[in-house]
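This report refers to the structure that appears directly beneath it.
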2 protein chains.
Amino acid sequence: MATIKDIAQAAGVSLATVSRVINDGPKVGAKTRERVKTIMKELGYRPNANARALVTQRSASLGVVIAELHDPFFATLAHGVETVTRKQNVQILLSAGSIARETELKAIETLLEHRVEAMVVHSKTLDDDTLIAFANQIPGFVLINRYIPAIANRCVWLDNVTGGRLMAEYAIRQGHEHLALISSHYQIDDPAQRLEGIRLATSNAGLTLPDSMIEYATPDQEGGELAMQNLLATGTHFTALLAYNDAMAAGAMAVMQDHGIDVPEQVSIIGYDDVLLAKYCRPKLTTLRYPIEMMAAKAAELALKYASGTAPEEGLTFKYTPTIVKRDSVARL
Amino acid sequence: MATIKDIAQAAGVSLATVSRVINDGPKVGAKTRERVKTIMKELGYRPNANARALVTQRSASLGVVIAELHDPFFATLAHGVETVTRKQNVQILLSAGSIARETELKAIETLLEHRVEAMVVHSKTLDDDTLIAFANQIPGFVLINRYIPAIANRCVWLDNVTGGRLMAEYAIRQGHEHLALISSHYQIDDPAQRLEGIRLATSNAGLTLPDSMIEYATPDQEGGELAMQNLLATGTHFTALLAYNDAMAAGAMAVMQDHGIDVPEQVSIIGYDDVLLAKYCRPKLTTLRYPIEMMAAKAAELALKYASGTAPEEGLTFKYTPTIVKRDSVARL
DNA sequence: TTGTACGCGTTATCAG
DNA sequence: CTGATAACGCGTACAA
């Protein structure tokens with residue numbers, strides 16, 4: 001591939017001049033500029049981003065680390081980031097598949113080796129200290145879907161306690177007194193926080209959510225099916241089912257329908273996330289809107305801003321609150 | 001960030017030695033190696049991928065260009081690529097949002113500037129010649145979901161004509177004689193090829209698919225809804241609906257159900273792609289399986305292989321054929 | 001307005 | 001086993 005040197009030779013000018021026309025440098029003769037430009041076209045010249053990054057110490061790139069592209073939630077997250085990087089001509093380096101501590105760590109380090117200026121990280125397996133260390137080392141380091149007080153201004157996160165409370169309160173307001181929950185068995189914050197919110201709501205209403213009414217499984221369709229089957233097998237009685245996310249809700253809904261249980265006539269269901277799926281399934285899922293795309297865009301903007309030198313304001317954080325989206329999967333008793 | 005030089009100084013050795021321990025170079029004293037290693041840890045040293053790429057002329061990175069991460073189809077595609085890059089320790093540079101010719105071209109060029117070794121490109125707006133030129137310039141350039149004879153061995157694609165034929169034949173075999181089609185209004189190959197296959201099947205069966213039974217819209221849920229509404233508005237009669245993809249099928253299904261039309265009792269529906277959605281919607285969608293993840297993985301492997309010097313075999317190509325997945329959205333008449 | 005020369009962080013080729 | 005040193009492609013003071 002042609003280099004700046006080749007161009008200089010072909011055009012009979014020096015490297016510096018070529019470099020100047022590439023970067024719209026200030027003082028170059030109009031005709032020289034034209035000549036160089038045409039030669040660049042002819043030779044199909046493309047500036048080498050690596051070399052440029054080396055000398056300028058900036059790479060115009062942003063790293064994204066997520067768990068699984070396959071998951072609509074993460075795909076939407078990535079999409080949110082992409083909307084802002086595209087606008088700012090920033091290249092995305094993507095690292096997915098980080099379900100384990102090892103891989104997550106490695107993903108961040110690889111991105112670091114590539115000297116990305118900014119980073120939007122979704123991490124559930126790394127401990128606070130590790131993340132704080134990264135944040136202190138990398139100005140453009142922003143966490144999404146996680147809150148760590150020590151680096152509050154680097155966190156874009158969702159208030160899951162309120163989310164849990166809202167979904168339970170809504171069910172209760174619709175007259176439901178017997179709730180069940182299918183949750184994620186992953187040992188991360190989210191399920192615990194949502195449960196905390198749910199318990200807040202039930203105890204406020206003088207109700208309880210016994211452990212026997214909670215089933216844990218993988219936070220996907222299969223998990224939802226499994227959890228639902230377990231719930232049915234125990235023969236417990238409930239009129240409203242709260243799900244950890246829409247996928248689990250959909251899985252549970254499918255199992256109920258297979259068992260001849262009418263949704264929402266016999267059992268109401270509330271999901272969480274409001275991914276595409278919620279609108280597709282029948283009945284349409286009442287769920288909590290998790291504005292992940294917007295949040296991801298915010299995170300990307302923030303990361304890029306911090307990376308370019310703007311100091312994060314102390315004490316500031318970026319908390320989002322989910323809102324209930326009423327569709328057709330909840331009946332009023 | 002610490003450089004190799006800092007390490008060398010701190011360890012009291014030369015750059016060369018440090019470089020050797022980094023790359024597990026052949027001859028380094030055991031104790032020197034240890035000392036250098038601990039110093040690297042202490043200083044949090046990370047090799048600079050840009051510098052390395054510059055001197056080695058290889059970047060261990062692969063570019064992906066797709067239209068829209070937001071779309072489950074593309075998310076799955078990206079996921080397929082990711083499974084192989086991760087295994088081979090290759091970094092992904094992602095470029096999405098390329099719906100227009102301009103952006104698609106720019107995406108490829110940016111990736112080129114970053115000197116990615118390999119490239120998996122999903123392009124529908126760029127013409128054959130442009131793509132061929134890129135393929136000739138970049139050894140690791142592979143197209144996915146597109147077939148260009150001149151660079152057949154760089155193409156991983158789906159036989160859409162057969163796909164169209166299969167879906168129509170299946171409907172016909174189930175006793176349907178009155179078919180309708182909702183398709184994508186984008187002027188790309190796929191819709192035309194599928195229609196060709198469908199027409200093949202109908203004429204073989206002595207049936208016809210008049211233009212009045214075809215509606216075009218955007219290839220997503222909204223488009224499916226719109227197309228279905230248009231179809232209903234014209235008052236045409238049909239017992240089986242073929243859809244361009246699962247999203248359109250789901251949209252159409254929703255509209256029918258809202259109109260009190262039973263699926264599949266009154267109208268059968270067949271989708272295309274077999275994305276997650278097909279399993280979630282009710283009734284579960286009978287559809288054509290598009291093994292995009294597998295194909296994407298293949299494309300990535302190919303791109304990486306070609307990039308590393310293996311010459312592509314002439315006359316070889318990578319054609320995949322969709323298969324029908326029978327679920328619950330088709331009734332036998 | 002244009003050219004020279006140095007350095008960015010690495011690897012690799014020589015010598016020692 | 002180890003150390004100079006020349007690239008890699010580019011940006012930029014400093015000269016001219």
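Identifiers in the structure tokens: chain A, B, ... in order shown; residue index from 1 per chain; ligand index from 1 in order shown.
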For this session: Select residues of chain B: the criterion is any atom within 7 Å of an atom of chain C, counting only C-alpha atoms (C1' of nucleotides); output as a ChimeraX atom specification.
Result: /B:3,48,51-52,55-56
Sorted by chain and rising residue number, which residues of chain B lie within 6 Å of chain A, and what are their closest atom pairs and distances in Å to one decimal, counting only C-alpha atoms, as CSV?
residue,atom,partner,partner_atom,distance
B:Arg46,CA,A:Glu113,CA,5.7
B:Pro47,CA,A:Glu113,CA,5.8
B:Asn48,CA,A:Glu113,CA,5.1
B:Ala49,CA,A:His114,CA,4.9
B:Asn50,CA,A:Asn50,CA,4.7
B:Leu69,CA,A:His79,CA,5.4
B:His70,CA,A:Thr76,CA,5.4
B:Ala75,CA,A:His70,CA,5.9
B:Thr76,CA,A:His70,CA,5.4
B:His79,CA,A:Leu69,CA,5.4
B:Ile92,CA,A:Leu94,CA,5.4
B:Leu93,CA,A:Leu93,CA,4.6
B:Leu94,CA,A:Ile92,CA,5.4
B:Glu113,CA,A:Asn48,CA,5.1
B:His114,CA,A:Ala49,CA,4.9
B:Cys281,CA,A:Cys281,CA,4.7
B:Arg282,CA,A:Arg282,CA,5.9
If we count only C-alpha atoms (C1' of nucleotides), what is near Ala171 in chain B at a cut-off of 9 Å, once residues fewer than 5 positions away on the same chain are taken out, given as a PDB file with N, CA, C and O atoms, in the first residue's frame?
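Output (selection.pdb):
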ATOM      1  N   LEU B 166     -38.527 -23.088  -1.953  1.00  0.00           N
ATOM      2  CA  LEU B 166     -38.871 -23.987  -0.849  1.00  0.00           C
ATOM      3  C   LEU B 166     -40.083 -23.504  -0.066  1.00  0.00           C
ATOM      4  O   LEU B 166     -40.946 -24.286   0.314  1.00  0.00           O
ATOM      5  N   HIS B 176     -52.216 -25.210  -0.168  1.00  0.00           N
ATOM      6  CA  HIS B 176     -52.547 -23.807  -0.433  1.00  0.00           C
ATOM      7  C   HIS B 176     -52.424 -23.483  -1.918  1.00  0.00           C
ATOM      8  O   HIS B 176     -51.440 -23.836  -2.559  1.00  0.00           O
ATOM      9  N   GLU B 177     -53.442 -22.813  -2.414  1.00  0.00           N
ATOM     10  CA  GLU B 177     -53.410 -22.450  -3.835  1.00  0.00           C
ATOM     11  C   GLU B 177     -53.426 -20.946  -4.033  1.00  0.00           C
ATOM     12  O   GLU B 177     -53.143 -20.454  -5.108  1.00  0.00           O
ATOM     13  N   LEU B 179     -51.726 -17.787  -2.793  1.00  0.00           N
ATOM     14  CA  LEU B 179     -50.605 -17.238  -2.034  1.00  0.00           C
ATOM     15  C   LEU B 179     -50.552 -15.720  -2.137  1.00  0.00           C
ATOM     16  O   LEU B 179     -51.003 -15.138  -3.117  1.00  0.00           O
ATOM     17  N   ALA B 240     -52.378 -18.393   2.244  1.00  0.00           N
ATOM     18  CA  ALA B 240     -51.019 -18.499   2.749  1.00  0.00           C
ATOM     19  C   ALA B 240     -50.253 -17.228   2.428  1.00  0.00           C
ATOM     20  O   ALA B 240     -50.313 -16.719   1.304  1.00  0.00           O
ATOM     21  N   LEU B 241     -49.549 -16.742   3.430  1.00  0.00           N
ATOM     22  CA  LEU B 241     -48.763 -15.527   3.252  1.00  0.00           C
ATOM     23  C   LEU B 241     -47.283 -15.847   3.381  1.00  0.00           C
ATOM     24  O   LEU B 241     -46.832 -16.391   4.391  1.00  0.00           O
ATOM     25  N   LEU B 242     -46.529 -15.495   2.343  1.00  0.00           N
ATOM     26  CA  LEU B 242     -45.086 -15.653   2.414  1.00  0.00           C
ATOM     27  C   LEU B 242     -44.481 -14.303   2.770  1.00  0.00           C
ATOM     28  O   LEU B 242     -44.881 -13.281   2.207  1.00  0.00           O
ATOM     29  N   SER B 268     -52.263 -18.994   6.705  1.00  0.00           N
ATOM     30  CA  SER B 268     -50.962 -19.523   7.128  1.00  0.00           C
ATOM     31  C   SER B 268     -49.868 -18.493   6.816  1.00  0.00           C
ATOM     32  O   SER B 268     -50.011 -17.697   5.898  1.00  0.00           O
ATOM     33  N   ILE B 269     -48.810 -18.534   7.595  1.00  0.00           N
ATOM     34  CA  ILE B 269     -47.707 -17.595   7.364  1.00  0.00           C
ATOM     35  C   ILE B 269     -46.368 -18.335   7.358  1.00  0.00           C
ATOM     36  O   ILE B 269     -46.146 -19.202   8.193  1.00  0.00           O
ATOM     37  N   ILE B 270     -45.521 -17.955   6.429  1.00  0.00           N
ATOM     38  CA  ILE B 270     -44.169 -18.500   6.417  1.00  0.00           C
ATOM     39  C   ILE B 270     -43.165 -17.348   6.427  1.00  0.00           C
ATOM     40  O   ILE B 270     -43.271 -16.424   5.628  1.00  0.00           O
ATOM     41  N   VAL B 330     -48.423 -22.702   9.930  1.00  0.00           N
ATOM     42  CA  VAL B 330     -48.966 -23.162   8.649  1.00  0.00           C
ATOM     43  C   VAL B 330     -49.971 -24.292   8.890  1.00  0.00           C
ATOM     44  O   VAL B 330     -49.661 -25.254   9.599  1.00  0.00           O
ATOM     45  N   ALA B 331     -51.147 -24.135   8.310  1.00  0.00           N
ATOM     46  CA  ALA B 331     -52.170 -25.177   8.439  1.00  0.00           C
ATOM     47  C   ALA B 331     -52.251 -25.978   7.151  1.00  0.00           C
ATOM     48  O   ALA B 331     -51.971 -25.467   6.069  1.00  0.00           O
ATOM     49  N   ARG B 332     -52.616 -27.231   7.306  1.00  0.00           N
ATOM     50  CA  ARG B 332     -52.803 -28.077   6.130  1.00  0.00           C
ATOM     51  C   ARG B 332     -54.242 -27.941   5.684  1.00  0.00           C
ATOM     52  O   ARG B 332     -55.167 -28.091   6.477  1.00  0.00           O
TER      53      ARG B 332
END
Problem set entry | range 2-98 of chain B: residues DSSP assigns to strand (DSSP E), reported as a PyMOL selection string | chain B and resi 61-65+91-95
For this session: List the neighbours of Glu34 in chain B out to 12 Å using only C-alpha atoms (C1' of nucleotides); skip same-chain residues closer than 5 positions along the sequence, and give me the result as a list in words.
Result: Ala11, Thr17, Val18, Val21, Ile22, Asp24, Val28, Gly29, Ile39, Met40 and Lys41 of chain B
Determine, for each residue of chain D having at least one atom at most 8 Å from an atom of chain B, the closest pair of atoms and their separation in Å to one decimal, counting only C-alpha atoms (C1' of nucleotides); order by chain and ascending number, as JSON lines.
{"residue": "D:DC1", "atom": "C1'", "partner": "B:Val28", "partner_atom": "CA", "distance": 5.9}
{"residue": "D:DT2", "atom": "C1'", "partner": "B:Thr17", "partner_atom": "CA", "distance": 6.9}
{"residue": "D:DG3", "atom": "C1'", "partner": "B:Ser14", "partner_atom": "CA", "distance": 6.1}
{"residue": "D:DA7", "atom": "C1'", "partner": "B:Val55", "partner_atom": "CA", "distance": 7.7}
{"residue": "D:DC8", "atom": "C1'", "partner": "B:Val55", "partner_atom": "CA", "distance": 4.3}
{"residue": "D:DG9", "atom": "C1'", "partner": "B:Leu54", "partner_atom": "CA", "distance": 7.3}
